[in-house]
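File shown here: input_39.csv, holding CSV, C-alpha atoms.
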```
chain,number,residue,atom,x,y,z
B,1304,MET,CA,0.0,0.0,0.0
B,1305,VAL,CA,1.4,3.4,-1.0
B,1306,PRO,CA,1.3,5.8,2.0
B,1307,SER,CA,-0.9,8.9,1.6
B,1308,PRO,CA,0.7,12.3,1.7
B,1309,GLN,CA,1.2,13.6,5.2
B,1310,GLN,CA,-1.6,15.6,6.7
B,1311,PHE,CA,-1.7,18.0,9.7
B,1312,ALA,CA,-5.4,17.9,10.6
B,1313,SER,CA,-4.7,16.1,13.8
B,1314,ASP,CA,-1.7,14.8,15.7
B,1315,ASN,CA,-3.7,11.6,16.0
B,1316,TYR,CA,-2.8,10.9,12.4
B,1317,ALA,CA,0.8,10.1,13.3
B,1318,GLY,CA,2.1,6.5,13.7
B,1319,ILE,CA,4.1,5.1,16.6
B,1320,CYS,CA,7.5,6.6,17.2
B,1321,PRO,CA,10.5,4.3,17.1
B,1322,GLU,CA,11.2,4.4,20.8
B,1323,ALA,CA,7.6,3.3,21.7
B,1324,TRP,CA,7.6,0.7,19.0
B,1325,ALA,CA,10.9,-0.8,20.2
B,1326,ALA,CA,9.6,-1.0,23.7
B,1327,MET,CA,6.5,-2.8,22.6
B,1328,ALA,CA,8.6,-5.2,20.6
B,1329,ARG,CA,10.7,-6.0,23.7
B,1330,ALA,CA,7.5,-6.5,25.8
B,1331,ASN,CA,6.2,-8.9,23.1
B,1332,ASP,CA,9.0,-11.3,23.7
B,1333,GLY,CA,7.5,-14.2,25.6
B,1334,SER,CA,4.6,-14.5,28.0
B,1335,CYS,CA,3.9,-12.1,30.9
B,1336,VAL,CA,1.6,-11.8,33.9
B,1337,ALA,CA,-1.7,-10.2,33.0
B,1338,TYR,CA,-3.8,-7.2,34.3
B,1339,GLY,CA,-0.9,-5.0,35.3
B,1340,ASP,CA,0.9,-7.3,37.6
B,1341,ASP,CA,3.9,-7.4,35.3
B,1342,GLU,CA,7.4,-6.0,35.3
B,1343,TRP,CA,6.7,-3.6,32.4
B,1344,THR,CA,3.9,-1.9,34.1
B,1345,SER,CA,5.9,-1.6,37.3
B,1346,GLU,CA,8.9,-0.2,35.5
B,1347,ALA,CA,6.7,2.3,33.6
B,1348,ALA,CA,5.1,3.6,36.8
B,1349,ASN,CA,8.6,4.0,38.4
B,1350,ALA,CA,9.7,5.9,35.3
B,1351,PHE,CA,6.9,8.4,35.9
B,1352,ARG,CA,7.9,8.7,39.6
B,1353,GLU,CA,11.5,9.4,38.5
B,1354,LEU,CA,10.3,11.9,35.9
B,1355,PHE,CA,8.2,13.8,38.4
B,1356,ALA,CA,10.6,13.3,41.2
B,1357,THR,CA,7.9,12.3,43.6
B,1358,ASP,CA,6.1,9.1,44.9
B,1359,CYS,CA,2.9,9.3,42.9
B,1360,ASP,CA,0.3,6.7,42.0
B,1361,VAL,CA,0.1,5.9,38.3
B,1362,PHE,CA,-2.6,4.2,36.3
B,1363,PHE,CA,-2.7,3.3,32.6
B,1364,VAL,CA,-5.9,3.7,30.4
B,1365,PHE,CA,-6.6,3.5,26.8
B,1366,ASN,CA,-7.6,7.0,25.9
B,1367,GLY,CA,-8.0,10.6,27.0
B,1368,THR,CA,-11.7,10.6,27.5
B,1369,ALA,CA,-11.4,7.7,30.0
B,1370,ALA,CA,-8.4,9.3,31.7
B,1371,ASN,CA,-10.2,12.7,32.2
B,1372,SER,CA,-13.6,11.2,33.1
B,1373,LEU,CA,-12.4,8.6,35.6
B,1374,ALA,CA,-10.0,11.1,37.2
B,1375,LEU,CA,-12.7,13.7,37.7
B,1376,ALA,CA,-15.1,11.0,38.9
B,1377,SER,CA,-12.6,10.0,41.5
B,1378,LEU,CA,-12.6,13.5,42.8
B,1379,CYS,CA,-16.4,14.0,42.9
B,1380,GLN,CA,-19.6,12.8,44.3
B,1381,SER,CA,-22.6,13.0,42.1
B,1382,PHE,CA,-23.8,16.2,43.8
B,1383,HIS,CA,-20.5,18.0,43.1
B,1384,SER,CA,-19.5,20.2,40.2
B,1385,VAL,CA,-16.4,20.7,38.0
B,1386,ILE,CA,-15.3,24.1,36.8
B,1387,CYS,CA,-13.9,24.3,33.3
B,1388,THR,CA,-13.7,26.6,30.2
B,1389,ALA,CA,-16.4,26.6,27.5
B,1390,SER,CA,-13.9,25.0,25.1
B,1391,ALA,CA,-12.6,22.4,27.4
B,1392,HIS,CA,-12.4,18.9,26.0
B,1393,VAL,CA,-14.5,17.5,28.9
B,1394,GLU,CA,-17.2,20.0,27.9
B,1395,THR,CA,-17.1,19.8,24.1
B,1396,ASP,CA,-15.7,16.5,23.0
B,1397,GLU,CA,-16.3,13.7,25.6
B,1398,CYS,CA,-19.9,13.0,24.9
B,1399,GLY,CA,-21.0,13.5,28.6
B,1400,ALA,CA,-18.5,10.9,29.8
B,1401,PRO,CA,-17.4,13.0,32.9
B,1402,GLU,CA,-21.0,13.4,34.0
B,1403,PHE,CA,-21.7,9.7,33.2
B,1404,PHE,CA,-18.8,8.2,35.2
B,1405,SER,CA,-19.3,10.6,38.1
B,1406,ASN,CA,-23.0,9.6,38.2
B,1407,GLY,CA,-24.0,13.2,37.4
B,1408,SER,CA,-21.5,15.7,38.6
B,1409,LYS,CA,-22.3,18.9,36.8
B,1410,LEU,CA,-19.8,20.9,34.7
B,1411,LEU,CA,-19.8,24.6,35.6
B,1412,VAL,CA,-18.7,26.3,32.4
B,1413,ALA,CA,-17.0,29.7,32.3
B,1414,PRO,CA,-18.4,32.2,29.8
B,1415,PRO,CA,-17.1,31.6,26.2
B,1416,GLY,CA,-14.4,33.7,24.7
B,1417,ARG,CA,-11.4,32.8,26.9
B,1418,SER,CA,-9.3,29.7,26.3
B,1419,LYS,CA,-7.8,29.8,29.9
B,1420,LEU,CA,-9.4,29.9,33.3
B,1421,THR,CA,-8.4,32.7,35.6
B,1422,PRO,CA,-8.6,32.8,39.4
B,1423,GLU,CA,-11.3,35.5,39.0
B,1424,MET,CA,-13.4,33.4,36.7
B,1425,ILE,CA,-13.1,30.4,39.0
B,1426,ARG,CA,-14.0,32.4,42.1
B,1427,VAL,CA,-17.2,33.7,40.4
B,1428,LEU,CA,-18.3,30.2,39.4
B,1429,ALA,CA,-17.3,28.6,42.8
B,1430,THR,CA,-19.0,31.2,45.0
B,1431,SER,CA,-22.0,32.3,43.1
B,1432,ARG,CA,-24.2,29.9,45.0
B,1433,SER,CA,-23.7,28.0,48.2
B,1434,ASP,CA,-27.2,26.7,48.9
B,1435,ILE,CA,-28.1,23.1,49.0
B,1436,HIS,CA,-30.1,23.4,45.7
B,1437,PHE,CA,-27.0,24.0,43.6
B,1438,PRO,CA,-24.2,21.4,42.9
B,1439,LYS,CA,-21.3,22.0,45.2
B,1440,PRO,CA,-18.1,23.0,43.5
B,1441,ARG,CA,-15.4,20.4,44.0
B,1442,VAL,CA,-12.8,20.4,41.2
B,1443,VAL,CA,-11.2,22.8,38.7
B,1444,THR,CA,-9.9,21.3,35.5
B,1445,ILE,CA,-7.4,23.1,33.2
B,1446,THR,CA,-6.2,21.9,29.9
B,1447,GLN,CA,-2.4,22.2,29.3
B,1448,PRO,CA,-2.0,23.3,26.5
B,1449,THR,CA,-5.5,24.6,25.9
B,1450,GLU,CA,-7.7,23.5,23.0
B,1451,THR,CA,-6.5,26.7,21.2
B,1452,GLY,CA,-2.8,25.9,21.8
B,1453,LEU,CA,-2.2,28.4,24.5
B,1454,VAL,CA,0.0,27.4,27.4
B,1455,TYR,CA,-0.7,28.2,31.1
B,1456,SER,CA,2.4,29.8,32.6
B,1457,LEU,CA,3.8,28.4,35.9
B,1458,ASP,CA,2.6,31.5,37.6
B,1459,GLU,CA,-0.9,31.1,36.2
B,1460,ILE,CA,-1.1,27.5,37.4
B,1461,ARG,CA,0.2,28.5,40.9
B,1462,ALA,CA,-2.4,31.3,41.1
B,1463,ILE,CA,-5.2,28.9,40.2
B,1464,ALA,CA,-3.9,26.3,42.7
B,1465,ALA,CA,-3.7,28.8,45.5
B,1466,LEU,CA,-7.3,29.8,44.9
B,1467,CYS,CA,-8.3,26.1,44.8
B,1468,ARG,CA,-6.6,25.6,48.2
B,1469,GLU,CA,-8.4,28.7,49.6
B,1470,LEU,CA,-11.8,27.4,48.4
B,1471,GLY,CA,-11.2,23.8,49.2
B,1472,LEU,CA,-11.2,22.7,45.6
B,1473,LYS,CA,-9.1,20.0,43.9
B,1474,LEU,CA,-7.0,20.8,40.7
B,1475,HIS,CA,-7.0,18.5,37.8
B,1476,MET,CA,-4.9,19.0,34.7
B,1477,ASP,CA,-5.9,17.6,31.3
B,1478,GLY,CA,-2.5,17.0,29.7
B,1479,ALA,CA,-3.4,15.4,26.4
B,1480,ARG,CA,-0.4,17.4,25.1
B,1481,PHE,CA,1.4,17.8,28.4
B,1482,ALA,CA,4.8,17.2,26.8
B,1483,HIS,CA,4.3,20.0,24.4
B,1484,ALA,CA,3.6,22.4,27.3
B,1485,CYS,CA,6.8,21.3,29.1
B,1486,ALA,CA,8.7,21.9,25.9
B,1487,SER,CA,7.1,25.3,25.4
B,1488,LEU,CA,7.8,26.4,29.0
B,1489,ARG,CA,11.2,24.7,29.3
B,1490,CYS,CA,10.3,23.5,32.7
B,1491,THR,CA,10.3,20.2,34.4
B,1492,PRO,CA,7.2,18.1,34.7
B,1493,ALA,CA,7.4,18.5,38.5
B,1494,GLU,CA,7.5,22.3,38.3
B,1495,MET,CA,4.3,22.3,36.1
B,1496,THR,CA,2.3,19.9,38.3
B,1497,TRP,CA,2.6,18.9,41.9
B,1498,GLN,CA,5.1,21.7,42.8
B,1499,ALA,CA,2.6,24.2,41.3
B,1500,GLY,CA,-0.3,22.7,43.2
B,1501,VAL,CA,-1.8,20.2,40.7
B,1502,ASP,CA,-3.5,17.2,42.4
B,1503,VAL,CA,-4.1,14.9,39.4
B,1504,LEU,CA,-2.7,14.9,35.9
B,1505,CYS,CA,-3.8,13.0,32.8
B,1506,PHE,CA,-0.6,12.7,30.8
B,1507,GLY,CA,-1.2,12.1,27.1
B,1508,GLY,CA,0.7,9.4,25.2
B,1509,THR,CA,-1.4,9.0,22.1
B,1510,LYS,CA,-0.5,12.4,20.8
B,1511,ASN,CA,3.1,12.1,21.7
B,1512,GLY,CA,4.1,9.0,19.7
B,1513,MET,CA,2.2,6.1,21.2
B,1514,ALA,CA,-0.4,3.9,19.4
B,1515,VAL,CA,-2.8,4.2,22.3
B,1516,GLY,CA,-2.6,5.0,26.0
B,1517,GLU,CA,-2.7,7.7,28.6
B,1518,ALA,CA,-1.4,7.8,32.2
B,1519,VAL,CA,-3.5,9.1,35.1
B,1520,ILE,CA,-1.1,10.4,37.8
B,1521,PHE,CA,-2.2,11.2,41.4
B,1522,PHE,CA,0.2,13.4,43.2
B,1523,ASP,CA,-2.2,13.4,46.1
B,1524,ARG,CA,-2.2,9.7,46.6
B,1525,SER,CA,-5.2,9.7,48.9
B,1526,LEU,CA,-7.3,10.7,46.0
B,1527,ALA,CA,-6.4,7.4,44.1
B,1528,ALA,CA,-8.4,5.2,46.5
B,1529,ASP,CA,-10.1,2.5,44.5
B,1530,PHE,CA,-9.2,4.1,41.2
B,1531,ASP,CA,-8.2,0.6,40.0
B,1532,TYR,CA,-11.8,-0.5,40.5
B,1533,ARG,CA,-13.0,2.5,38.5
B,1534,CYS,CA,-10.7,1.5,35.6
B,1535,LYS,CA,-12.0,-2.1,35.7
B,1536,GLN,CA,-15.6,-1.1,35.8
B,1537,ALA,CA,-15.1,1.3,32.9
B,1538,GLY,CA,-13.5,-1.3,30.7
B,1539,GLN,CA,-10.1,0.3,31.0
B,1540,LEU,CA,-8.2,-2.5,32.7
B,1541,ALA,CA,-6.2,-4.1,29.9
B,1542,SER,CA,-5.6,-7.8,30.3
B,1543,LYS,CA,-2.3,-7.4,28.4
B,1544,MET,CA,-1.4,-4.3,30.3
B,1545,ARG,CA,2.2,-4.5,29.2
B,1546,PHE,CA,1.3,-3.2,25.8
B,1547,LEU,CA,-0.2,0.0,27.3
B,1548,SER,CA,2.7,0.5,29.8
B,1549,ALA,CA,5.8,-0.6,27.9
B,1550,PRO,CA,5.7,2.2,25.3
B,1551,TRP,CA,5.9,4.7,28.1
B,1552,ILE,CA,9.2,3.1,29.1
B,1553,GLY,CA,10.5,3.8,25.6
B,1554,LEU,CA,9.2,7.4,25.7
B,1555,LEU,CA,10.4,8.3,29.2
B,1556,GLN,CA,13.7,6.6,29.5
B,1557,THR,CA,15.0,7.7,26.2
B,1558,GLY,CA,13.8,11.3,26.5
B,1559,ALA,CA,11.6,10.8,23.3
B,1560,TRP,CA,8.6,12.2,25.1
B,1561,LEU,CA,10.3,15.7,25.2
B,1562,ARG,CA,12.1,15.4,21.8
B,1563,ASN,CA,8.8,14.5,20.1
B,1564,ALA,CA,7.1,17.5,21.6
B,1565,ARG,CA,9.9,19.9,20.8
B,1566,HIS,CA,9.7,18.8,17.2
B,1567,GLY,CA,5.9,19.3,17.0
B,1568,ASN,CA,6.2,22.7,18.5
B,1569,ALA,CA,9.0,23.7,16.2
B,1570,CYS,CA,7.0,22.7,13.1
B,1571,ALA,CA,4.0,24.7,14.3
B,1572,ALA,CA,6.3,27.7,14.8
B,1573,ARG,CA,7.7,27.2,11.4
B,1574,LEU,CA,4.3,27.3,9.7
B,1575,ALA,CA,3.2,30.3,11.8
B,1576,GLU,CA,6.3,32.3,10.8
B,1577,ALA,CA,5.8,31.4,7.1
B,1578,VAL,CA,2.2,32.6,6.9
B,1579,ALA,CA,2.3,35.5,9.5
B,1580,THR,CA,2.8,38.2,6.8
B,1581,VAL,CA,0.5,36.7,4.1
B,1582,GLU,CA,-2.1,39.3,3.1
B,1583,GLY,CA,-5.6,38.1,3.9
B,1584,VAL,CA,-4.4,35.5,6.3
B,1585,GLU,CA,-4.0,35.8,10.1
B,1586,LEU,CA,-3.3,33.6,13.1
B,1587,LEU,CA,-6.3,33.2,15.3
B,1588,PHE,CA,-4.2,32.5,18.4
B,1589,PRO,CA,-0.6,32.9,19.5
B,1590,VAL,CA,1.4,29.8,18.6
B,1591,GLU,CA,2.7,28.4,21.9
B,1592,ALA,CA,2.6,24.6,21.4
B,1593,ASN,CA,2.1,22.3,18.4
B,1594,SER,CA,-1.1,23.8,16.9
B,1595,VAL,CA,-1.6,26.6,14.4
B,1596,PHE,CA,-5.1,28.2,13.7
B,1597,VAL,CA,-5.2,30.0,10.4
B,1598,LYS,CA,-8.0,32.5,9.7
B,1599,ALA,CA,-8.7,33.1,6.0
B,1600,PRO,CA,-11.6,33.7,3.7
B,1601,GLU,CA,-13.6,30.6,2.8
B,1602,PRO,CA,-12.3,30.6,-0.9
B,1603,VAL,CA,-8.8,30.3,0.5
B,1604,LEU,CA,-9.8,27.4,2.7
B,1605,ALA,CA,-11.7,25.8,-0.3
B,1606,THR,CA,-8.5,26.1,-2.4
B,1607,LEU,CA,-6.5,24.3,0.3
B,1608,ARG,CA,-9.1,21.5,0.4
B,1609,ALA,CA,-9.0,21.2,-3.3
B,1610,ARG,CA,-5.2,20.8,-3.1
B,1611,GLY,CA,-5.8,17.9,-0.8
B,1612,TRP,CA,-5.2,19.4,2.6
B,1613,ARG,CA,-7.3,18.2,5.5
B,1614,PHE,CA,-8.1,20.4,8.5
B,1615,TYR,CA,-10.8,21.2,11.0
B,1616,THR,CA,-12.6,24.5,11.5
B,1617,PHE,CA,-14.6,23.7,14.7
B,1618,ILE,CA,-12.7,26.2,16.9
B,1619,GLY,CA,-13.1,29.8,16.0
B,1620,GLY,CA,-13.8,29.0,12.3
B,1621,GLY,CA,-10.1,29.0,11.4
B,1622,ALA,CA,-8.2,26.0,9.9
B,1623,ARG,CA,-6.5,24.1,12.6
B,1624,PHE,CA,-3.2,22.4,11.8
B,1625,MET,CA,-1.5,20.1,14.3
B,1626,PHE,CA,2.1,18.8,14.3
B,1627,ALA,CA,3.1,15.5,15.7
B,1628,TRP,CA,6.5,13.8,16.3
B,1629,ASP,CA,6.7,12.7,12.7
B,1630,ALA,CA,5.9,16.0,11.0
B,1631,ASP,CA,8.1,16.4,7.9
B,1632,PRO,CA,9.4,19.9,7.6
B,1633,ARG,CA,9.2,19.5,3.8
B,1634,HIS,CA,5.5,19.0,4.0
B,1635,VAL,CA,5.2,21.9,6.4
B,1636,GLU,CA,6.9,24.1,3.8
B,1637,GLN,CA,4.5,22.8,1.1
B,1638,LEU,CA,1.5,23.6,3.3
B,1639,ALA,CA,2.9,27.1,3.9
B,1640,ALA,CA,3.5,27.6,0.1
B,1641,ASP,CA,-0.1,26.4,-0.7
B,1642,ILE,CA,-1.5,28.8,1.9
B,1643,ARG,CA,0.4,31.7,0.3
B,1644,GLU,CA,-0.7,30.7,-3.2
B,1645,ALA,CA,-4.3,30.2,-2.2
B,1646,ALA,CA,-4.3,33.7,-0.6
B,1647,ARG,CA,-2.7,35.2,-3.7
B,1648,LEU,CA,-5.3,33.6,-6.0
B,1649,HIS,CA,-8.1,34.9,-3.8
B,1650,LEU,CA,-6.8,38.5,-3.7
B,1651,ALA,CA,-6.3,38.4,-7.5
B,1652,ALA,CA,-9.9,37.2,-7.9
B,1653,VAL,CA,-11.4,40.0,-5.8
B,1654,SER,CA,-9.2,42.8,-7.0
```
Can the structure from this file be put into structure tokens for me?
Amino acid sequence: MVPSPQQFASDNYAGICPEAWAAMARANDGSCVAYGDDEWTSEAANAFRELFATDCDVFFVFNGTAANSLALASLCQSFHSVICTASAHVETDECGAPEFFSNGSKLLVAPPGRSKLTPEMIRVLATSRSDIHFPKPRVVTITQPTETGLVYSLDEIRAIAALCRELGLKLHMDGARFAHACASLRCTPAEMTWQAGVDVLCFGGTKNGMAVGEAVIFFDRSLAADFDYRCKQAGQLASKMRFLSAPWIGLLQTGAWLRNARHGNACAARLAEAVATVEGVELLFPVEANSVFVKAPEPVLATLRARGWRFYTFIGGGARFMFAWDADPRHVEQLAADIREAARLHLAAVS
């Protein structure tokens, strides 16, 4: 089969990076104890503890929806609520799974228009009602990087965490692209999580070079009570767990988790720089991680589609391009050239 030209509609399009693939191949040699009681799962969990420089509890699940939903459910009773942005993945793209797995915890959504939560926004949502008729605020969830590619600074995370402690709330981080945020901020994973006040992190592997798999990491280990039972009940306990956990060994112990993210970020920056001065085209959001949102007239987008480019326009109406570990700079340059040419043709047609 001839491979199709590389596309940048989603970083889920990418294959498995060599380091994860090699680790899976090693884990495939011979038989192994099932359901997570194996040396690969133990080694992967210890690799996370070393990476974060703390004794955390680590669980492996298949996908991000399960990671976020089960993590939030572990923090909430059914009468609790979770504070998030209007564009948060848990609000827009998880089909009610957080509410389902928590038996009904309500999402309290900040007003649209802002990609990031602020302490002021959280305070309003958390203190607007305190009577028994309203779901009791319990958790704040932030996405790092956000769905629009913005990155919370360490100071922003610390300020949110401080307010959470003041109000008795827990802080959850949806880190589907956590590695890209680390690469962007040039900070350690510890600095961006437990040292800043994060209680639970969902660390994304699928968008960072793995075939499948996310890690749910509890820095406050008391919050992880019976989480293994939640995973089993939700169909997230892999019988051959080594194939979920071993790729993490390949990513973490070789440093590929960070190299992959740096490459994706660099490709995004490359496209942004190439189209920043194109007449009729603008960047919808600052480029801080591995995504670029391009705002352009519909005829320009139609020309790009006609030339074979795939992209989504569900956030802000602009074309979203995502760059994974395997993004080929030559294809990035070709995309930039096609954007420039499509814009030129449109300007010529309307002038």
### Query
B:Leu1466, B:Met1495, B:Ala1479, B:Cys1335: which is nearest Glu1517 of chain B, counting only C-alpha atoms?
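Nearest to Glu1517 of chain B: B:Ala1479.
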With a cut-off of 12 Å, could you pull out the residues of segment 1455-1539 of chain B touching segment 1588-1593 of chain B and give me the nearest pair of atoms for each, distance in Å to one decimal, using only C-alpha atoms, ordered by chain and ascending number, as a tab-separated table?
```
residue	atom	partner	partner_atom	distance
B:Tyr1455	CA	B:Glu1591	CA	9.8
B:Ser1456	CA	B:Glu1591	CA	10.8
B:Ala1479	CA	B:Asn1593	CA	11.9
B:Arg1480	CA	B:Ala1592	CA	8.6
B:Phe1481	CA	B:Ala1592	CA	9.8
B:Ala1482	CA	B:Ala1592	CA	9.4
B:His1483	CA	B:Ala1592	CA	5.7
B:Ala1484	CA	B:Ala1592	CA	6.4
B:Cys1485	CA	B:Ala1592	CA	9.4
B:Ala1486	CA	B:Ala1592	CA	8.0
B:Ser1487	CA	B:Ala1592	CA	6.1
B:Leu1488	CA	B:Glu1591	CA	9.0
B:Arg1489	CA	B:Ala1592	CA	11.7
B:Lys1510	CA	B:Asn1593	CA	10.5
B:Asn1511	CA	B:Asn1593	CA	10.8
```
Could you produce a table of the residues of segment 1313-1418 of chain B lying within 12 Å of segment 1605-1626 of chain B, with the nearest pair of atoms per residue and their separation in Å rounded to one decimal, using all atoms listed in the file, ordered by chain and increasing residue number, as a Markdown table?
```
| residue | atom | partner | partner_atom | distance |
| --- | --- | --- | --- | --- |
| B:Ser1313 | CA | B:Met1625 | CA | 5.1 |
| B:Asp1314 | CA | B:Met1625 | CA | 5.5 |
| B:Asn1315 | CA | B:Met1625 | CA | 8.9 |
| B:Tyr1316 | CA | B:Met1625 | CA | 9.5 |
| B:Ala1317 | CA | B:Phe1626 | CA | 8.9 |
| B:Ala1389 | CA | B:Ile1618 | CA | 11.2 |
| B:Ser1390 | CA | B:Ile1618 | CA | 8.4 |
| B:Ala1391 | CA | B:Ile1618 | CA | 11.2 |
| B:His1392 | CA | B:Ile1618 | CA | 11.7 |
| B:Thr1395 | CA | B:Phe1617 | CA | 10.5 |
| B:Asp1396 | CA | B:Phe1617 | CA | 11.0 |
| B:Pro1415 | CA | B:Gly1619 | CA | 11.1 |
| B:Gly1416 | CA | B:Gly1619 | CA | 9.6 |
| B:Arg1417 | CA | B:Gly1619 | CA | 11.4 |
| B:Ser1418 | CA | B:Ile1618 | CA | 10.6 |
```
### Task
Could you jot down the atom CA of Ile1445 of chain B to atom CA of Gln1539 of chain B separation for me, Å, one decimal place?
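Separation of atom CA of Ile1445 of chain B and atom CA of Gln1539 of chain B: 23.1 Å.
Considering the residues B:Gly1399, B:Pro1438, B:Gly1516, B:Cys1570 and counting only C-alpha atoms, Arg1633 of chain B has its shortest atom-to-atom contact with B:Cys1570.
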#### Entry: For segment 1368-1381 of chain B: contacts at 8 Å, all atoms listed in the file, fewer than 2 positions along chain excluded, given as an NGL selection string
:B and (1364-1366 or 1383-1385 or 1393 or 1397 or 1400-1402 or 1404-1409 or 1441-1442 or 1473 or 1475 or 1477 or 1503 or 1505 or 1517-1519 or 1526-1527 or 1530 or 1533-1534 or 1537 or 1539)
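Between atom CA of Met1424 of chain B and atom CA of Ser1525 of chain B lies a distance of 27.9 Å.
Across the structure, atom CA of Ala1627 of chain B and atom CA of Ile1319 of chain B are spaced 10.5 Å apart.
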Can you pull out every residue within 7 Å of Ser1548 of chain B, counting all atoms listed in the file, but drop anything in the same chain fewer than 2 positions away, and send it as a CSV table (one decimal) with C-alpha atoms, in the coordinates of the input?
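Once everything was written out, this is out29.csv:
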```csv
chain,number,residue,atom,x,y,z
B,1343,TRP,CA,6.7,-3.6,32.4
B,1344,THR,CA,3.9,-1.9,34.1
B,1347,ALA,CA,6.7,2.3,33.6
B,1363,PHE,CA,-2.7,3.3,32.6
B,1544,MET,CA,-1.4,-4.3,30.3
B,1545,ARG,CA,2.2,-4.5,29.2
B,1546,PHE,CA,1.3,-3.2,25.8
B,1550,PRO,CA,5.7,2.2,25.3
B,1551,TRP,CA,5.9,4.7,28.1
```
### Query
Taking all atoms listed in the file into account, which of B:Ala1528, B:Gln1447, B:Glu1585, B:Gly1367 comes nearest Glu1459 of chain B?
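With all atoms listed in the file as the atom set, the closest residue is B:Gln1447.
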### Query
From the list B:Leu1504, B:Ala1572, B:Leu1540, B:Val1653, which residue is nearest Cys1359 of chain B when using all atoms listed in the file?
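Smallest separation from Cys1359 of chain B among the options: B:Leu1504.
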### Residue nearest Lys1598 of chain B among B:Ile1642, B:Leu1411, B:Leu1453, B:Asp1629 (counting all atoms listed in the file)
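Nearest to Lys1598 of chain B: B:Ile1642.
In terms of minimum interatomic distance to Ile1435 of chain B, B:Phe1382 ranks closest within B:Phe1382, B:Thr1449, B:Gln1556, B:Pro1414, counting all atoms listed in the file.
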### Message
Which residues are near Ala1413 of chain B? Cut-off 8 Å, all atoms listed in the file, ignore same chain within fewer than 3 positions. Put them as a PyMOL selection string.
### Response
chain B and resi 1386-1389+1420+1424-1425+1428
### Contacts of Ala1348 of chain B at 8 Å (all atoms listed in the file; same-chain gap of 2+ positions) as a list of chain:residue names
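The contact residues come out as B:Thr1344, B:Ser1345, B:Glu1346, B:Ala1350, B:Phe1351, B:Arg1352, B:Asp1360, B:Val1361, B:Phe1362.
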Could you save those same residues with C-alpha atoms as an mmCIF file, in the coordinates of the input?
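Resulting contents of out_7.cif:
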```cif
data_model
loop_
_atom_site.group_PDB
_atom_site.id
_atom_site.type_symbol
_atom_site.label_atom_id
_atom_site.label_comp_id
_atom_site.auth_asym_id
_atom_site.auth_seq_id
_atom_site.Cartn_x
_atom_site.Cartn_y
_atom_site.Cartn_z
ATOM 1 C CA THR B 1344 3.900 -1.900 34.100
ATOM 2 C CA SER B 1345 5.900 -1.600 37.300
ATOM 3 C CA GLU B 1346 8.900 -0.200 35.500
ATOM 4 C CA ALA B 1350 9.700 5.900 35.300
ATOM 5 C CA PHE B 1351 6.900 8.400 35.900
ATOM 6 C CA ARG B 1352 7.900 8.700 39.600
ATOM 7 C CA ASP B 1360 0.300 6.700 42.000
ATOM 8 C CA VAL B 1361 0.100 5.900 38.300
ATOM 9 C CA PHE B 1362 -2.600 4.200 36.300
#
```
